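Coordinates from final.cif are shown below (mmCIF, C-alpha atoms).
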data_structure
loop_
_atom_site.group_PDB
_atom_site.id
_atom_site.type_symbol
_atom_site.label_atom_id
_atom_site.label_comp_id
_atom_site.auth_asym_id
_atom_site.auth_seq_id
_atom_site.Cartn_x
_atom_site.Cartn_y
_atom_site.Cartn_z
ATOM 1 C CA MET V 283 -24.402 7.857 0.140
ATOM 2 C CA ARG V 284 -23.161 4.274 0.074
ATOM 3 C CA ILE V 285 -19.503 3.812 0.955
ATOM 4 C CA GLY V 286 -18.019 0.313 0.764
ATOM 5 C CA ALA V 287 -15.190 -1.228 2.767
ATOM 6 C CA VAL V 288 -13.635 -4.445 1.447
ATOM 7 C CA THR V 289 -12.804 -7.407 3.663
ATOM 8 C CA PHE V 290 -10.003 -9.674 2.431
ATOM 9 C CA PRO V 291 -8.781 -12.727 4.351
ATOM 10 C CA GLY V 292 -6.516 -11.124 6.941
ATOM 11 C CA THR V 293 -8.067 -7.656 6.831
ATOM 12 C CA LEU V 294 -8.150 -6.176 10.356
ATOM 13 C CA ASP V 295 -9.608 -2.700 10.144
ATOM 14 C CA ASP V 296 -12.812 -3.234 8.176
ATOM 15 C CA SER V 297 -15.001 -2.816 11.277
ATOM 16 C CA ASP V 298 -13.374 0.457 12.294
ATOM 17 C CA THR V 299 -13.588 1.673 8.696
ATOM 18 C CA LEU V 300 -17.307 0.875 8.479
ATOM 19 C CA ARG V 301 -17.770 2.606 11.836
ATOM 20 C CA ALA V 302 -15.918 5.701 10.604
ATOM 21 C CA ILE V 303 -18.094 5.844 7.483
ATOM 22 C CA THR V 304 -21.201 5.738 9.667
ATOM 23 C CA ALA V 305 -19.781 8.361 12.050
ATOM 24 C CA ALA V 306 -19.244 10.680 9.092
ATOM 25 C CA GLY V 307 -22.858 10.265 8.015
ATOM 26 C CA GLY V 308 -22.425 7.753 5.211
ATOM 27 C CA GLU V 309 -24.142 4.420 4.691
ATOM 28 C CA ALA V 310 -21.480 1.809 5.388
ATOM 29 C CA VAL V 311 -21.534 -1.180 3.020
ATOM 30 C CA ALA V 312 -19.467 -4.288 3.714
ATOM 31 C CA LEU V 313 -17.850 -5.673 0.547
ATOM 32 C CA TRP V 314 -16.378 -9.171 0.253
ATOM 33 C CA HIS V 315 -13.120 -10.013 -1.537
ATOM 34 C CA GLY V 316 -14.652 -13.033 -3.257
ATOM 35 C CA ASP V 317 -17.622 -11.205 -4.759
ATOM 36 C CA ALA V 318 -17.086 -9.336 -8.019
ATOM 37 C CA ASP V 319 -19.795 -6.913 -6.895
ATOM 38 C CA LEU V 320 -19.549 -3.400 -5.465
ATOM 39 C CA ARG V 321 -23.214 -3.435 -4.330
ATOM 40 C CA GLY V 322 -23.957 -0.050 -5.858
ATOM 41 C CA VAL V 323 -21.544 1.938 -3.700
ATOM 42 C CA ASP V 324 -20.470 5.500 -4.515
ATOM 43 C CA ALA V 325 -16.928 5.016 -3.195
ATOM 44 C CA VAL V 326 -14.704 2.209 -1.925
ATOM 45 C CA ILE V 327 -12.225 1.979 0.929
ATOM 46 C CA LEU V 328 -9.607 -0.777 1.144
ATOM 47 C CA PRO V 329 -8.883 -1.058 4.880
ATOM 48 C CA GLY V 330 -5.722 -2.057 6.671
ATOM 49 C CA GLY V 331 -4.549 -5.410 7.917
ATOM 50 C CA PHE V 332 -2.521 -8.253 6.494
ATOM 51 C CA SER V 333 -4.467 -9.536 3.519
ATOM 52 C CA TYR V 334 -3.350 -13.082 2.701
ATOM 53 C CA GLY V 335 -0.801 -12.838 5.503
ATOM 54 C CA ASP V 336 1.313 -10.432 3.418
ATOM 55 C CA TYR V 337 2.539 -13.584 1.641
ATOM 56 C CA LEU V 338 4.763 -12.882 -1.368
ATOM 57 C CA ARG V 339 4.519 -9.083 -0.829
ATOM 58 C CA ALA V 340 2.057 -6.918 1.057
ATOM 59 C CA GLY V 341 -0.998 -6.537 -1.184
ATOM 60 C CA ALA V 342 0.379 -8.744 -3.958
ATOM 61 C CA ILE V 343 -2.272 -11.451 -3.697
ATOM 62 C CA ALA V 344 -5.210 -9.252 -2.691
ATOM 63 C CA ARG V 345 -4.929 -7.322 -5.933
ATOM 64 C CA PHE V 346 -6.082 -10.432 -7.819
ATOM 65 C CA ALA V 347 -9.215 -10.943 -5.670
ATOM 66 C CA PRO V 348 -12.497 -10.947 -7.635
ATOM 67 C CA VAL V 349 -13.660 -7.698 -6.024
ATOM 68 C CA MET V 350 -10.494 -5.912 -7.181
ATOM 69 C CA GLY V 351 -11.414 -6.222 -10.856
ATOM 70 C CA GLU V 352 -14.545 -4.214 -10.072
ATOM 71 C CA VAL V 353 -12.623 -1.721 -7.930
ATOM 72 C CA VAL V 354 -10.069 -1.112 -10.688
ATOM 73 C CA ASP V 355 -12.785 -0.665 -13.339
ATOM 74 C CA ALA V 356 -14.784 1.713 -11.131
ATOM 75 C CA ALA V 357 -11.681 3.672 -10.141
ATOM 76 C CA ARG V 358 -10.711 4.124 -13.788
ATOM 77 C CA LYS V 359 -14.214 5.548 -14.397
ATOM 78 C CA GLY V 360 -13.749 8.046 -11.576
ATOM 79 C CA MET V 361 -15.135 6.382 -8.469
ATOM 80 C CA PRO V 362 -13.303 7.635 -5.372
ATOM 81 C CA VAL V 363 -11.103 4.943 -3.809
ATOM 82 C CA LEU V 364 -9.103 5.170 -0.583
ATOM 83 C CA GLY V 365 -6.463 2.666 0.495
ATOM 84 C CA ILE V 366 -5.403 2.709 4.129
ATOM 85 C CA CYS V 367 -2.180 0.912 5.124
ATOM 86 C CA ASN V 368 -2.554 -2.554 3.560
ATOM 87 C CA GLY V 369 -5.163 -0.952 1.279
ATOM 88 C CA PHE V 370 -2.506 1.523 0.082
ATOM 89 C CA GLN V 371 -0.200 -1.417 -0.604
ATOM 90 C CA VAL V 372 -2.972 -3.123 -2.604
ATOM 91 C CA LEU V 373 -3.579 0.048 -4.676
ATOM 92 C CA CYS V 374 0.138 0.239 -5.519
ATOM 93 C CA GLU V 375 0.283 -3.456 -6.435
ATOM 94 C CA ALA V 376 -2.846 -3.003 -8.584
ATOM 95 C CA GLY V 377 -1.219 -0.099 -10.434
ATOM 96 C CA LEU V 378 -3.849 2.458 -9.377
ATOM 97 C CA LEU V 379 -1.156 4.411 -7.531
ATOM 98 C CA PRO V 380 2.550 4.585 -8.468
ATOM 99 C CA GLY V 381 5.426 3.237 -6.408
ATOM 100 C CA ALA V 382 5.632 0.524 -3.774
ATOM 101 C CA LEU V 383 5.724 0.108 -0.001
ATOM 102 C CA LEU V 384 8.694 -1.772 1.374
ATOM 103 C CA ARG V 385 9.914 -3.052 4.740
ATOM 104 C CA ASN V 386 10.361 -0.233 7.287
ATOM 105 C CA ALA V 387 13.953 1.008 7.162
ATOM 106 C CA GLY V 388 14.376 0.234 10.876
ATOM 107 C CA LEU V 389 13.039 -3.322 10.347
ATOM 108 C CA HIS V 390 10.668 -2.885 13.294
ATOM 109 C CA PHE V 391 6.914 -2.943 13.298
ATOM 110 C CA VAL V 392 6.002 0.687 14.037
ATOM 111 C CA CYS V 393 2.884 1.375 16.121
ATOM 112 C CA ARG V 394 2.417 4.882 17.473
ATOM 113 C CA ASP V 395 0.502 8.114 17.112
ATOM 114 C CA GLN V 396 1.958 10.029 14.194
ATOM 115 C CA TRP V 397 1.794 13.681 13.214
ATOM 116 C CA LEU V 398 1.070 14.339 9.541
ATOM 117 C CA ARG V 399 0.820 17.487 7.470
ATOM 118 C CA VAL V 400 -1.984 17.817 4.930
ATOM 119 C CA GLU V 401 -0.089 18.891 1.819
ATOM 120 C CA ASN V 402 -3.026 18.913 -0.583
ATOM 121 C CA ASN V 403 -6.572 19.675 0.502
ATOM 122 C CA THR V 404 -8.072 19.485 -2.989
ATOM 123 C CA THR V 405 -8.431 15.697 -3.246
ATOM 124 C CA ALA V 406 -11.704 13.836 -2.751
ATOM 125 C CA TRP V 407 -10.381 12.564 0.571
ATOM 126 C CA SER V 408 -8.744 15.668 2.096
ATOM 127 C CA SER V 409 -10.937 18.707 1.332
ATOM 128 C CA ARG V 410 -12.159 19.124 4.919
ATOM 129 C CA TYR V 411 -8.656 19.963 6.127
ATOM 130 C CA GLU V 412 -6.916 23.314 5.967
ATOM 131 C CA GLN V 413 -3.962 23.322 3.597
ATOM 132 C CA GLY V 414 -0.888 22.664 5.748
ATOM 133 C CA ALA V 415 -2.926 21.467 8.734
ATOM 134 C CA GLU V 416 -1.095 19.137 11.093
ATOM 135 C CA ILE V 417 -3.090 16.152 12.320
ATOM 136 C CA ILE V 418 -2.291 13.236 14.600
ATOM 137 C CA ILE V 419 -3.520 9.732 13.794
ATOM 138 C CA PRO V 420 -2.111 6.260 14.518
ATOM 139 C CA ILE V 421 0.372 4.463 12.296
ATOM 140 C CA LYS V 422 0.925 0.715 12.587
ATOM 141 C CA ASN V 423 2.771 -1.247 9.955
ATOM 142 C CA MET V 424 5.774 -3.331 8.994
ATOM 143 C CA ASP V 425 5.971 -2.332 5.325
ATOM 144 C CA GLY V 426 5.385 1.410 5.209
ATOM 145 C CA ARG V 427 8.452 2.766 3.435
ATOM 146 C CA TYR V 428 7.154 4.520 0.336
ATOM 147 C CA THR V 429 9.512 3.989 -2.595
ATOM 148 C CA ALA V 430 9.394 5.021 -6.228
ATOM 149 C CA ASP V 431 11.933 6.016 -8.851
ATOM 150 C CA ALA V 432 13.211 9.594 -8.782
ATOM 151 C CA GLU V 433 11.135 10.566 -11.820
ATOM 152 C CA THR V 434 7.914 9.358 -10.183
ATOM 153 C CA VAL V 435 8.667 11.139 -6.918
ATOM 154 C CA ALA V 436 9.438 14.361 -8.820
ATOM 155 C CA GLU V 437 6.136 14.019 -10.667
ATOM 156 C CA LEU V 438 4.207 13.440 -7.413
ATOM 157 C CA GLU V 439 5.861 16.441 -5.783
ATOM 158 C CA GLY V 440 5.500 18.656 -8.871
ATOM 159 C CA GLU V 441 1.812 17.892 -9.312
ATOM 160 C CA GLY V 442 0.947 18.254 -5.624
ATOM 161 C CA ARG V 443 0.096 14.581 -5.360
ATOM 162 C CA VAL V 444 1.834 14.100 -2.020
ATOM 163 C CA VAL V 445 -1.341 14.453 0.061
ATOM 164 C CA PHE V 446 0.025 13.634 3.522
ATOM 165 C CA ARG V 447 3.588 13.947 4.782
ATOM 166 C CA TYR V 448 5.130 12.763 8.041
ATOM 167 C CA VAL V 449 5.997 15.551 10.472
ATOM 168 C CA GLY V 450 8.879 15.029 12.882
ATOM 169 C CA ALA V 451 10.839 11.806 12.764
ATOM 170 C CA ASN V 452 10.187 9.756 9.614
ATOM 171 C CA PRO V 453 8.782 6.476 10.999
ATOM 172 C CA ASN V 454 9.880 4.143 8.221
ATOM 173 C CA GLY V 455 12.341 5.718 5.791
ATOM 174 C CA SER V 456 9.688 6.791 3.265
ATOM 175 C CA LEU V 457 11.124 8.879 0.438
ATOM 176 C CA ASP V 458 10.484 12.597 1.004
ATOM 177 C CA ASP V 459 8.636 11.704 4.246
ATOM 178 C CA ILE V 460 5.686 10.630 2.081
ATOM 179 C CA ALA V 461 2.759 9.270 4.104
ATOM 180 C CA GLY V 462 0.057 9.407 1.430
ATOM 181 C CA ILE V 463 -0.338 10.142 -2.291
ATOM 182 C CA SER V 464 -3.057 10.528 -4.895
ATOM 183 C CA ASP V 465 -3.600 9.709 -8.540
ATOM 184 C CA PRO V 466 -3.661 12.664 -10.972
ATOM 185 C CA SER V 467 -7.432 13.126 -10.528
ATOM 186 C CA GLY V 468 -7.289 13.329 -6.724
ATOM 187 C CA ARG V 469 -9.992 10.683 -6.435
ATOM 188 C CA ILE V 470 -7.705 7.747 -5.665
ATOM 189 C CA VAL V 471 -5.713 8.233 -2.472
ATOM 190 C CA GLY V 472 -3.552 5.897 -0.414
ATOM 191 C CA LEU V 473 -1.960 6.524 2.971
ATOM 192 C CA MET V 474 -0.168 4.384 5.523
ATOM 193 C CA PRO V 475 -1.528 5.904 8.780
ATOM 194 C CA HIS V 476 -5.004 5.018 10.004
ATOM 195 C CA PRO V 477 -7.635 7.774 10.014
ATOM 196 C CA GLU V 478 -10.351 5.249 10.935
ATOM 197 C CA HIS V 479 -8.652 4.768 14.329
ATOM 198 C CA ALA V 480 -8.851 8.494 15.086
ATOM 199 C CA ILE V 481 -12.469 9.539 14.746
ATOM 200 C CA ASP V 482 -13.247 9.924 18.442
ATOM 201 C CA ALA V 483 -11.006 11.209 21.244
ATOM 202 C CA LEU V 484 -12.370 8.443 23.477
ATOM 203 C CA THR V 485 -10.750 5.673 21.435
ATOM 204 C CA GLY V 486 -7.995 7.414 19.470
ATOM 205 C CA PRO V 487 -5.378 10.123 19.898
ATOM 206 C CA SER V 488 -7.754 12.665 18.310
ATOM 207 C CA ASP V 489 -10.733 12.887 15.989
ATOM 208 C CA ASP V 490 -8.472 14.202 13.232
ATOM 209 C CA GLY V 491 -9.102 11.181 11.017
ATOM 210 C CA LEU V 492 -12.789 11.877 10.624
ATOM 211 C CA GLY V 493 -12.022 14.667 8.151
ATOM 212 C CA ILE V 494 -11.014 12.092 5.536
ATOM 213 C CA PHE V 495 -14.441 10.455 5.629
ATOM 214 C CA LEU V 496 -16.280 13.804 5.772
ATOM 215 C CA SER V 497 -14.241 15.005 2.778
ATOM 216 C CA LEU V 498 -15.329 11.987 0.774
ATOM 217 C CA LEU V 499 -18.995 12.571 1.559
ATOM 218 C CA ASP V 500 -18.634 16.174 0.356
ATOM 219 C CA ALA V 501 -16.952 14.941 -2.833
ATOM 220 C CA VAL V 502 -19.680 12.407 -3.578
ATOM 221 C CA VAL V 503 -22.475 14.940 -2.914
ATOM 222 C CA THR V 504 -20.980 17.508 -5.265
ATOM 223 C CA ALA V 505 -20.023 14.965 -7.951
ATOM 224 C CA MET U 232 8.091 -31.641 -16.249
ATOM 225 C CA ALA U 233 10.918 -29.236 -15.683
ATOM 226 C CA ARG U 234 12.157 -27.262 -12.767
ATOM 227 C CA VAL U 235 12.205 -23.517 -13.209
ATOM 228 C CA VAL U 236 13.967 -21.209 -10.784
ATOM 229 C CA VAL U 237 12.951 -17.590 -10.421
ATOM 230 C CA ASP U 238 15.238 -15.325 -8.423
ATOM 231 C CA VAL U 239 13.835 -11.971 -7.376
ATOM 232 C CA MET U 240 16.136 -9.256 -6.044
ATOM 233 C CA PRO U 241 15.603 -5.659 -4.945
ATOM 234 C CA LYS U 242 16.846 -3.324 -7.683
ATOM 235 C CA PRO U 243 20.379 -2.052 -7.002
ATOM 236 C CA GLU U 244 19.176 1.453 -6.144
ATOM 237 C CA ILE U 245 16.554 0.218 -3.651
ATOM 238 C CA LEU U 246 17.531 0.342 0.023
ATOM 239 C CA ASP U 247 17.642 -3.207 1.424
ATOM 240 C CA PRO U 248 17.631 -2.895 5.226
ATOM 241 C CA GLN U 249 17.293 -6.668 5.672
ATOM 242 C CA GLY U 250 20.452 -7.318 3.669
ATOM 243 C CA GLN U 251 22.217 -4.571 5.587
ATOM 244 C CA ALA U 252 21.211 -6.135 8.899
ATOM 245 C CA VAL U 253 22.668 -9.458 7.796
ATOM 246 C CA ALA U 254 25.869 -7.763 6.619
ATOM 247 C CA ARG U 255 26.240 -5.944 9.926
ATOM 248 C CA ALA U 256 25.699 -9.156 11.897
ATOM 249 C CA LEU U 257 28.462 -11.097 10.172
ATOM 250 C CA PRO U 258 31.477 -9.379 11.836
ATOM 251 C CA ARG U 259 29.796 -9.806 15.230
ATOM 252 C CA LEU U 260 29.542 -13.519 14.487
ATOM 253 C CA GLY U 261 33.227 -13.683 13.660
ATOM 254 C CA PHE U 262 32.991 -13.690 9.863
ATOM 255 C CA SER U 263 35.153 -11.053 8.236
ATOM 256 C CA GLY U 264 35.553 -10.021 4.622
ATOM 257 C CA VAL U 265 31.876 -9.793 3.594
ATOM 258 C CA SER U 266 31.390 -6.208 2.477
ATOM 259 C CA ASP U 267 27.752 -6.278 1.366
ATOM 260 C CA VAL U 268 24.635 -8.468 1.441
ATOM 261 C CA ARG U 269 21.480 -8.094 -0.637
ATOM 262 C CA GLN U 270 18.466 -10.212 0.301
ATOM 263 C CA GLY U 271 15.960 -11.463 -2.255
ATOM 264 C CA LYS U 272 13.575 -14.325 -2.940
ATOM 265 C CA HIS U 273 14.134 -17.672 -4.615
ATOM 266 C CA PHE U 274 11.206 -19.595 -6.165
ATOM 267 C CA GLU U 275 11.286 -23.160 -7.488
ATOM 268 C CA LEU U 276 8.476 -24.046 -9.887
ATOM 269 C CA GLU U 277 7.682 -27.513 -11.247
ATOM 270 C CA VAL U 278 6.198 -26.832 -14.678
ATOM 271 C CA ASP U 279 4.814 -28.847 -17.566
ATOM 272 C CA ASP U 280 6.825 -28.828 -20.776
ATOM 273 C CA SER U 281 3.936 -26.973 -22.379
ATOM 274 C CA VAL U 282 4.699 -23.820 -20.353
ATOM 275 C CA ASP U 283 6.751 -21.566 -22.610
ATOM 276 C CA ASP U 284 9.297 -18.906 -21.703
ATOM 277 C CA ALA U 285 6.878 -16.072 -22.413
ATOM 278 C CA THR U 286 4.430 -17.489 -19.873
ATOM 279 C CA LEU U 287 7.185 -17.911 -17.305
ATOM 280 C CA ALA U 288 8.230 -14.298 -17.834
ATOM 281 C CA LYS U 289 4.630 -13.200 -17.257
ATOM 282 C CA ILE U 290 4.474 -15.165 -14.015
ATOM 283 C CA ALA U 291 7.763 -13.674 -12.839
ATOM 284 C CA GLU U 292 7.022 -10.109 -13.863
ATOM 285 C CA GLY U 293 3.329 -9.933 -13.071
ATOM 286 C CA PHE U 294 3.204 -11.840 -9.815
ATOM 287 C CA LEU U 295 6.422 -13.171 -8.294
ATOM 288 C CA SER U 296 8.151 -9.792 -8.526
ATOM 289 C CA ASN U 297 7.084 -6.172 -8.332
ATOM 290 C CA PRO U 298 8.899 -4.564 -11.281
ATOM 291 C CA VAL U 299 8.697 -1.168 -9.589
ATOM 292 C CA VAL U 300 11.291 -2.217 -7.020
ATOM 293 C CA GLU U 301 12.559 -5.675 -7.992
ATOM 294 C CA ASP U 302 14.449 -7.408 -10.807
ATOM 295 C CA PHE U 303 13.977 -11.053 -11.649
ATOM 296 C CA VAL U 304 15.840 -13.838 -13.458
ATOM 297 C CA VAL U 305 14.090 -16.959 -14.789
ATOM 298 C CA ARG U 306 16.180 -20.122 -15.311
ATOM 299 C CA ARG U 307 15.231 -23.624 -16.421
ATOM 300 C CA VAL U 308 17.275 -26.179 -14.473
ATOM 301 C CA GLU U 309 17.632 -29.960 -14.530
ATOM 302 C CA SER U 310 14.873 -31.609 -12.499
#

Please rewrite the model in this file as structure tokens.
Amino acid sequence: MRIGAVTFPGTLDDSDTLRAITAAGGEAVALWHGDADLRGVDAVILPGGFSYGDYLRAGAIARFAPVMGEVVDAARKGMPVLGICNGFQVLCEAGLLPGALLRNAGLHFVCRDQWLRVENNTTAWSSRYEQGAEIIIPIKNMDGRYTADAETVAELEGEGRVVFRYVGANPNGSLDDIAGISDPSGRIVGLMPHPEHAIDALTGPSDDGLGIFLSLLDAVVTA
Amino acid sequence: MARVVVDVMPKPEILDPQGQAVARALPRLGFSGVSDVRQGKHFELEVDDSVDDATLAKIAEGFLSNPVVEDFVVRRVES
């Protein structure tokens, strides 16, 4: 089971993402932004960070990287793709997920442990959780306010495509407390909080994040 | 060569906390009478005469702005 994690210039969380893939039992494959090559992976993760310094808009330049052409093609053919934080922003800019992520409503960088509720446990990246489970994983971003037009939000809510929702105080002004969403197939998921930083109680607030990586391995095995 | 200006603004219905922060600061700084501020981006492009309006629109819509949350205006100005 080969799971890739892409490194862009300015990516920060590729190492933790590769480590989380390994911890879940997958073969972690480092992918490079400049190579239009997915190295035969079964799924791709776009990790967090500040690709291209967030110049122009978060994710706006990364979406044009050579590797992204391959990611978009593979995603459209059904390959599971996860975007975490900056990776979520890249997926929205690339049009693989609807909406956009804007400056936090409070204008502060938010870095804290955050409770989330798993609203949909039928996606490729959330099947290991109980429906409605509450999990705690870190959030750390400047541009995490999920925004979309009312029609898009109604569609996401109506189709169960809000996968993760903030519990307690909304950290950034996201519409409907949305922390993570999926495409209609449930194979493409993006979320702002960082499951890869919560795979071991020694180094994170919990090991609640590991379920995302274990879910993906289940999805690839049964695919 | 010509100078082209592209102004990108958050759509009217999009919350603009940066603009709000500026608006709230003004009375504290002694400036009254400013009821609202919206903050956007201003790009100045030096372009060859061969670059047509359709290409400029593609640049503005596909890269300089995110049409999901932003509007843009492209203007050719005297260089």

For Leu320 (chain V), which residue among V:Leu294, V:Ala342, V:Leu473, V:Ile285 is the nearest when counting only C-alpha atoms?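 Among the listed residues, the smallest separation from Leu320 (chain V) belongs to V:Ile285.
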
Given all atoms listed in the file, how would the per-residue table for chain V near chain U read, listing every residue at most 7 Å away with its closest atom pair and distance in Å to one decimal, sorted by chain and number, as a tab-separated table?
residue	atom	partner	partner_atom	distance
V:Gly381	CA	U:Val299	CA	6.3
V:Ala382	CA	U:Val299	CA	6.8
V:Ala387	CA	U:Pro248	CA	5.7
V:Leu389	CA	U:Pro248	CA	6.9

Quick one: apply the PyMOL selection byres ((chain V and resi 338) around 12) to the file and drop the selected residues here as a ChimeraX atom specification. /V:332-337,339-344,375 /U:239,271-274,291,294-297

I'd like the interatomic distance between CA of Gly455 (chain V) and CA of Arg427 (chain V), to a tenth of an Å.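 Separating CA of Gly455 (chain V) from CA of Arg427 (chain V) is a distance of 5.4 Å.
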
Give me, please, the distance in Å between CA of Leu496 (chain V) and CA of Pro420 (chain V), quoted to one decimal. 18.3 Å

Please evaluate the PyMOL selection byres ((chain U and resi 265) around 12) against the displayed coordinates and give the resulting residues as an mmCIF file with C-alpha atoms, keeping the file's coordinate frame.
data_model
loop_
_atom_site.group_PDB
_atom_site.id
_atom_site.type_symbol
_atom_site.label_atom_id
_atom_site.label_comp_id
_atom_site.auth_asym_id
_atom_site.auth_seq_id
_atom_site.Cartn_x
_atom_site.Cartn_y
_atom_site.Cartn_z
ATOM 1 C CA GLY U 250 20.452 -7.318 3.669
ATOM 2 C CA GLN U 251 22.217 -4.571 5.587
ATOM 3 C CA VAL U 253 22.668 -9.458 7.796
ATOM 4 C CA ALA U 254 25.869 -7.763 6.619
ATOM 5 C CA ARG U 255 26.240 -5.944 9.926
ATOM 6 C CA ALA U 256 25.699 -9.156 11.897
ATOM 7 C CA LEU U 257 28.462 -11.097 10.172
ATOM 8 C CA PRO U 258 31.477 -9.379 11.836
ATOM 9 C CA ARG U 259 29.796 -9.806 15.230
ATOM 10 C CA LEU U 260 29.542 -13.519 14.487
ATOM 11 C CA GLY U 261 33.227 -13.683 13.660
ATOM 12 C CA PHE U 262 32.991 -13.690 9.863
ATOM 13 C CA SER U 263 35.153 -11.053 8.236
ATOM 14 C CA GLY U 264 35.553 -10.021 4.622
ATOM 15 C CA SER U 266 31.390 -6.208 2.477
ATOM 16 C CA ASP U 267 27.752 -6.278 1.366
ATOM 17 C CA VAL U 268 24.635 -8.468 1.441
ATOM 18 C CA ARG U 269 21.480 -8.094 -0.637
#

Which neighbours of Pro453 (chain V) fall inside 12 Å, counting all atoms listed in the file, when residues of the same chain fewer than 4 positions from it are skipped, and could you give them as JSON, numbers by chain? {"V": [385, 386, 387, 388, 389, 390, 391, 392, 393, 394, 395, 396, 397, 398, 420, 421, 422, 423, 424, 425, 426, 427, 428, 447, 448, 449, 457, 458, 459, 460, 461, 474, 475]}

Pick the closest to Arg234 (chain U) from U:Ala285, U:Glu292, U:Gln270, U:Asp279: which is it, counting only C-alpha atoms?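 Smallest separation from Arg234 (chain U) among the options: U:Asp279.
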
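One finds CA of Ile481 (chain V) at 9.4 Å from CA of Phe495 (chain V).
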
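Closest approach to Leu378 (chain V) among V:Gly330, V:Gly360, V:Pro487, V:Gly322: V:Gly360, based on all atoms listed in the file.
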
With a distance cut-off of 10 Å and all atoms listed in the file, select the neighbouring residues of Asp284 (chain U), excluding the residue or stretch itself and same-chain residues fewer than 5 positions from it, and output the selection as a list in words.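 Here the answer would be Lys289, Ile290, Val305, Arg306 and Arg307 of chain U.
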
Using all atoms of region 292-297 of chain U listed in the file and a margin of 8 Å per side, can you give the axis-aligned box centre and edge lengths in Å to one decimal, as AutoDock Vina command-line options?
--center_x 5.7 --center_y -9.7 --center_z -11.1 --size_x 20.9 --size_y 23.0 --size_z 21.6

Identify which of the residues V:Leu499, V:Leu383, V:Cys374, V:Ala415 lies closest to Asp465 (chain V), counting all atoms listed in the file when measuring atom-to-atom distances.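 Closest to Asp465 (chain V) of all the choices is V:Cys374.
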
Answer key for the PyMOL selection byres ((chain V and resi 403-409) around 12), residues as a PyMOL selection string: chain V and resi 325-327+360-366+399-402+410-417+441-446+462-473+477+490-505

Restricting the calculation to only C-alpha atoms, which member of V:Gly440, V:Gly308, V:Pro380, V:Gly369 is positioned closest to Asp295 (chain V)? V:Gly369

Polymer residues at most 7 Å from Asp317 (chain V), only C-alpha atoms, same-chain spacing of 2 or more positions, as a PyMOL selection string: chain V and resi 314-315+319+348-349

Residues within 12 Å of Gly316 (chain V), please, as a list in words. Count only C-alpha atoms; anything in the same chain fewer than 5 positions from it doesn't count.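 Once the nearby chain positions are removed, what remains is Val288, Thr289, Phe290, Pro291, Ala344, Arg345, Phe346, Ala347, Pro348, Val349, Met350, Gly351 and Glu352 of chain V.
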
Selected residues written out with C-alpha atoms, as a short mmCIF file (atom, residue, chain, number, x, y, z; two decimals), keeping the file's coordinate frame:
data_model
loop_
_atom_site.label_atom_id
_atom_site.label_comp_id
_atom_site.auth_asym_id
_atom_site.auth_seq_id
_atom_site.Cartn_x
_atom_site.Cartn_y
_atom_site.Cartn_z
CA VAL V 288 -13.64 -4.44 1.45
CA THR V 289 -12.80 -7.41 3.66
CA PHE V 290 -10.00 -9.67 2.43
CA PRO V 291 -8.78 -12.73 4.35
CA ALA V 344 -5.21 -9.25 -2.69
CA ARG V 345 -4.93 -7.32 -5.93
CA PHE V 346 -6.08 -10.43 -7.82
CA ALA V 347 -9.22 -10.94 -5.67
CA PRO V 348 -12.50 -10.95 -7.64
CA VAL V 349 -13.66 -7.70 -6.02
CA MET V 350 -10.49 -5.91 -7.18
CA GLY V 351 -11.41 -6.22 -10.86
CA GLU V 352 -14.54 -4.21 -10.07
#

File output, region 356-365 of chain V (N, CA and C atoms) as a compact mmCIF listing (two decimals), in the first residue's frame:
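Generated file (result.txt):
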# COMPACT_ATOMS: atom_id res chain seq x y z
N ALA V 356 -5.44 11.85 -11.39
CA ALA V 356 -5.65 10.62 -10.60
C ALA V 356 -6.90 10.75 -9.75
N ALA V 357 -7.09 11.92 -9.16
CA ALA V 357 -8.28 12.14 -8.31
C ALA V 357 -9.55 11.99 -9.13
N ARG V 358 -9.53 12.53 -10.35
CA ARG V 358 -10.73 12.44 -11.20
C ARG V 358 -11.01 11.00 -11.60
N LYS V 359 -9.97 10.14 -11.57
CA LYS V 359 -10.17 8.71 -11.88
C LYS V 359 -10.47 7.91 -10.62
N GLY V 360 -10.54 8.58 -9.47
CA GLY V 360 -10.98 7.88 -8.26
C GLY V 360 -9.91 7.62 -7.22
N MET V 361 -8.69 8.09 -7.45
CA MET V 361 -7.66 7.88 -6.43
C MET V 361 -8.00 8.72 -5.19
N PRO V 362 -7.91 8.10 -3.99
CA PRO V 362 -8.17 8.89 -2.79
C PRO V 362 -7.11 9.99 -2.60
N VAL V 363 -7.59 11.18 -2.27
CA VAL V 363 -6.70 12.33 -2.03
C VAL V 363 -7.17 13.02 -0.74
N LEU V 364 -6.20 13.32 0.12
CA LEU V 364 -6.50 14.06 1.35
C LEU V 364 -5.68 15.35 1.35
N GLY V 365 -6.32 16.46 1.66
CA GLY V 365 -5.61 17.72 1.84
C GLY V 365 -5.74 18.16 3.28
